[in-house]
$ cat upload-v3.cif   # mmCIF, C-alpha atoms
data_structure
loop_
_atom_site.label_atom_id
_atom_site.label_comp_id
_atom_site.auth_asym_id
_atom_site.auth_seq_id
_atom_site.Cartn_x
_atom_site.Cartn_y
_atom_site.Cartn_z
CA MET A 1 -32.32 21.28 13.80
CA ASP A 2 -35.28 19.00 14.31
CA GLY A 3 -37.37 20.84 16.93
CA LYS A 4 -37.40 18.17 19.64
CA ASN A 5 -35.61 20.29 22.25
CA ARG A 6 -37.65 23.13 23.79
CA SER A 7 -34.47 25.18 24.40
CA ASP A 8 -33.94 25.50 20.60
CA ILE A 9 -37.36 27.11 20.00
CA TYR A 10 -38.53 30.61 20.92
CA PRO A 11 -41.18 33.12 19.80
CA GLY A 12 -40.31 34.82 16.51
CA LEU A 13 -38.44 31.80 15.12
CA GLU A 14 -39.35 30.57 11.61
CA VAL A 15 -40.20 26.85 11.67
CA ASP A 16 -41.87 24.09 9.67
CA ILE A 17 -44.59 22.30 11.63
CA ILE A 18 -46.79 19.27 11.04
CA LEU A 19 -50.45 19.99 11.74
CA LYS A 20 -52.59 17.28 13.37
CA LYS A 21 -54.56 16.79 10.12
CA ASP A 22 -51.31 16.37 8.15
CA GLN A 23 -49.65 13.75 10.40
CA ARG A 24 -50.35 10.89 7.96
CA SER A 25 -49.08 12.74 4.87
CA GLY A 26 -46.23 14.55 6.61
CA LYS A 27 -47.12 17.84 4.88
CA LEU A 28 -45.20 20.75 6.41
CA THR A 29 -46.58 24.20 7.19
CA ARG A 30 -44.14 27.11 7.50
CA GLY A 31 -44.68 29.95 9.94
CA ILE A 32 -43.41 32.11 12.80
CA VAL A 33 -43.68 30.80 16.38
CA ALA A 34 -46.06 32.84 18.54
CA ASN A 35 -45.83 30.68 21.68
CA LEU A 36 -44.72 27.25 22.90
CA LEU A 37 -47.38 24.81 24.11
CA THR A 38 -45.17 21.91 25.26
CA SER A 39 -43.79 22.49 28.75
CA SER A 40 -41.34 19.57 28.93
CA PRO A 41 -37.73 20.24 27.80
CA TYR A 42 -37.83 17.42 25.17
CA HIS A 43 -40.54 15.70 23.12
CA SER A 44 -39.83 12.77 20.78
CA ARG A 45 -42.34 13.90 18.11
CA GLY A 46 -41.44 17.60 18.30
CA ILE A 47 -42.31 20.55 20.52
CA LYS A 48 -45.91 21.73 20.04
CA VAL A 49 -46.21 25.41 19.11
CA ARG A 50 -48.81 27.96 18.02
CA LEU A 51 -47.89 30.00 14.96
CA GLU A 52 -48.64 33.71 14.61
CA ASP A 53 -51.57 32.83 12.29
CA GLY A 54 -53.11 30.61 15.00
CA GLN A 55 -52.26 27.18 13.60
CA VAL A 56 -51.04 24.58 16.12
CA GLY A 57 -48.64 21.74 15.38
CA ARG A 58 -45.39 20.02 16.26
CA VAL A 59 -42.08 21.44 15.03
CA ALA A 60 -40.59 19.24 12.31
CA GLN A 61 -37.61 21.48 11.58
CA ILE A 62 -36.20 24.89 12.30
CA VAL A 63 -35.70 27.00 9.17
#

$ encode --input "upload-v3.cif" --output "structure tokens"
Amino acid sequence: MDGKNRSDIYPGLEVDIILKKDQRSGKLTRGIVANLLTSSPYHSRGIKVRLEDGQVGRVAQIV
């Protein structure tokens, strides 16, 4: 799954995100979702989340 629908993502889920600094390169960062930061049910570039280690980015894919 690609992480564009908020209903697919929940705390504790393992995901790959793209950090703001990595948007040009597309480098993925893997982690566990701590909380969801996007309130709308859908976002074209991916739902924004905070990982358990504190990093914030948009979900590229669900592992």

$ resolve_selection --input "upload-v3.cif" --expression "the PyMOL selection byres ((chain A and resi 10-20) around 8)" --output "VMD selection string"
chain A and resid 7 to 9 21 to 23 26 to 36 55 to 63

$ write_last_selection --input "upload-v3.cif" --atoms "C-alpha atoms" --output "mmCIF file, in the coordinates of the input"
data_model
loop_
_atom_site.group_PDB
_atom_site.id
_atom_site.type_symbol
_atom_site.label_atom_id
_atom_site.label_comp_id
_atom_site.auth_asym_id
_atom_site.auth_seq_id
_atom_site.Cartn_x
_atom_site.Cartn_y
_atom_site.Cartn_z
ATOM 1 C CA SER A 7 -34.470 25.180 24.400
ATOM 2 C CA ASP A 8 -33.940 25.500 20.600
ATOM 3 C CA ILE A 9 -37.360 27.110 20.000
ATOM 4 C CA LYS A 21 -54.560 16.790 10.120
ATOM 5 C CA ASP A 22 -51.310 16.370 8.150
ATOM 6 C CA GLN A 23 -49.650 13.750 10.400
ATOM 7 C CA GLY A 26 -46.230 14.550 6.610
ATOM 8 C CA LYS A 27 -47.120 17.840 4.880
ATOM 9 C CA LEU A 28 -45.200 20.750 6.410
ATOM 10 C CA THR A 29 -46.580 24.200 7.190
ATOM 11 C CA ARG A 30 -44.140 27.110 7.500
ATOM 12 C CA GLY A 31 -44.680 29.950 9.940
ATOM 13 C CA ILE A 32 -43.410 32.110 12.800
ATOM 14 C CA VAL A 33 -43.680 30.800 16.380
ATOM 15 C CA ALA A 34 -46.060 32.840 18.540
ATOM 16 C CA ASN A 35 -45.830 30.680 21.680
ATOM 17 C CA LEU A 36 -44.720 27.250 22.900
ATOM 18 C CA GLN A 55 -52.260 27.180 13.600
ATOM 19 C CA VAL A 56 -51.040 24.580 16.120
ATOM 20 C CA GLY A 57 -48.640 21.740 15.380
ATOM 21 C CA ARG A 58 -45.390 20.020 16.260
ATOM 22 C CA VAL A 59 -42.080 21.440 15.030
ATOM 23 C CA ALA A 60 -40.590 19.240 12.310
ATOM 24 C CA GLN A 61 -37.610 21.480 11.580
ATOM 25 C CA ILE A 62 -36.200 24.890 12.300
ATOM 26 C CA VAL A 63 -35.700 27.000 9.170
#

$ resolve_selection --input "upload-v3.cif" --expression "the PyMOL selection byres ((chain A and resi 39) around 12)" --output "PyMOL selection string"
chain A and resi 4-7+9+35-38+40-43+46-49

$ axis_aligned_box --input "upload-v3.cif" --around "range 7-14 of chain A" --padding-each-side "5 Å" --output "JSON"
{"center_x": -37.6, "center_y": 30.0, "center_z": 18.0, "size_x": 17.2, "size_y": 19.6, "size_z": 22.8}

$ build_atoms --input "upload-v3.cif" --residues "range 4-20 of chain A" --atoms "N, CA and C atoms" --output "PDB file, keeping the file's coordinate frame"
ATOM      1  N   LYS A   4     -37.012  19.046  18.531  1.00  0.00           N
ATOM      2  CA  LYS A   4     -37.400  18.170  19.640  1.00  0.00           C
ATOM      3  C   LYS A   4     -36.990  18.725  20.999  1.00  0.00           C
ATOM      4  N   ASN A   5     -36.058  19.678  21.012  1.00  0.00           N
ATOM      5  CA  ASN A   5     -35.610  20.290  22.250  1.00  0.00           C
ATOM      6  C   ASN A   5     -36.250  21.670  22.413  1.00  0.00           C
ATOM      7  N   ARG A   6     -36.935  21.878  23.535  1.00  0.00           N
ATOM      8  CA  ARG A   6     -37.650  23.130  23.790  1.00  0.00           C
ATOM      9  C   ARG A   6     -36.679  24.328  23.819  1.00  0.00           C
ATOM     10  N   SER A   7     -35.442  24.098  24.278  1.00  0.00           N
ATOM     11  CA  SER A   7     -34.470  25.180  24.400  1.00  0.00           C
ATOM     12  C   SER A   7     -34.066  25.773  23.044  1.00  0.00           C
ATOM     13  N   ASP A   8     -34.300  25.038  21.941  1.00  0.00           N
ATOM     14  CA  ASP A   8     -33.940  25.500  20.600  1.00  0.00           C
ATOM     15  C   ASP A   8     -35.019  26.392  19.976  1.00  0.00           C
ATOM     16  N   ILE A   9     -36.204  26.441  20.612  1.00  0.00           N
ATOM     17  CA  ILE A   9     -37.360  27.110  20.000  1.00  0.00           C
ATOM     18  C   ILE A   9     -37.795  28.289  20.854  1.00  0.00           C
ATOM     19  N   TYR A  10     -38.104  29.402  20.204  1.00  0.00           N
ATOM     20  CA  TYR A  10     -38.530  30.610  20.920  1.00  0.00           C
ATOM     21  C   TYR A  10     -39.449  31.425  20.007  1.00  0.00           C
ATOM     22  N   PRO A  11     -40.281  32.291  20.602  1.00  0.00           N
ATOM     23  CA  PRO A  11     -41.180  33.120  19.800  1.00  0.00           C
ATOM     24  C   PRO A  11     -40.409  33.969  18.790  1.00  0.00           C
ATOM     25  N   GLY A  12     -40.950  34.060  17.568  1.00  0.00           N
ATOM     26  CA  GLY A  12     -40.310  34.820  16.510  1.00  0.00           C
ATOM     27  C   GLY A  12     -39.464  33.979  15.575  1.00  0.00           C
ATOM     28  N   LEU A  13     -39.252  32.715  15.927  1.00  0.00           N
ATOM     29  CA  LEU A  13     -38.440  31.800  15.120  1.00  0.00           C
ATOM     30  C   LEU A  13     -39.263  31.257  13.957  1.00  0.00           C
ATOM     31  N   GLU A  14     -38.653  31.155  12.763  1.00  0.00           N
ATOM     32  CA  GLU A  14     -39.350  30.570  11.610  1.00  0.00           C
ATOM     33  C   GLU A  14     -39.144  29.054  11.631  1.00  0.00           C
ATOM     34  N   VAL A  15     -40.251  28.312  11.571  1.00  0.00           N
ATOM     35  CA  VAL A  15     -40.200  26.850  11.670  1.00  0.00           C
ATOM     36  C   VAL A  15     -41.154  26.209  10.663  1.00  0.00           C
ATOM     37  N   ASP A  16     -40.921  24.925  10.408  1.00  0.00           N
ATOM     38  CA  ASP A  16     -41.870  24.090   9.670  1.00  0.00           C
ATOM     39  C   ASP A  16     -42.530  23.182  10.686  1.00  0.00           C
ATOM     40  N   ILE A  17     -43.869  23.158  10.690  1.00  0.00           N
ATOM     41  CA  ILE A  17     -44.590  22.300  11.630  1.00  0.00           C
ATOM     42  C   ILE A  17     -45.437  21.297  10.861  1.00  0.00           C
ATOM     43  N   ILE A  18     -45.829  20.229  11.570  1.00  0.00           N
ATOM     44  CA  ILE A  18     -46.790  19.270  11.040  1.00  0.00           C
ATOM     45  C   ILE A  18     -48.075  19.455  11.825  1.00  0.00           C
ATOM     46  N   LEU A  19     -49.140  19.838  11.114  1.00  0.00           N
ATOM     47  CA  LEU A  19     -50.450  19.990  11.740  1.00  0.00           C
ATOM     48  C   LEU A  19     -51.038  18.616  12.037  1.00  0.00           C
ATOM     49  N   LYS A  20     -51.955  18.536  12.992  1.00  0.00           N
ATOM     50  CA  LYS A  20     -52.590  17.280  13.370  1.00  0.00           C
ATOM     51  C   LYS A  20     -53.202  16.591  12.141  1.00  0.00           C
TER      52      LYS A  20
END
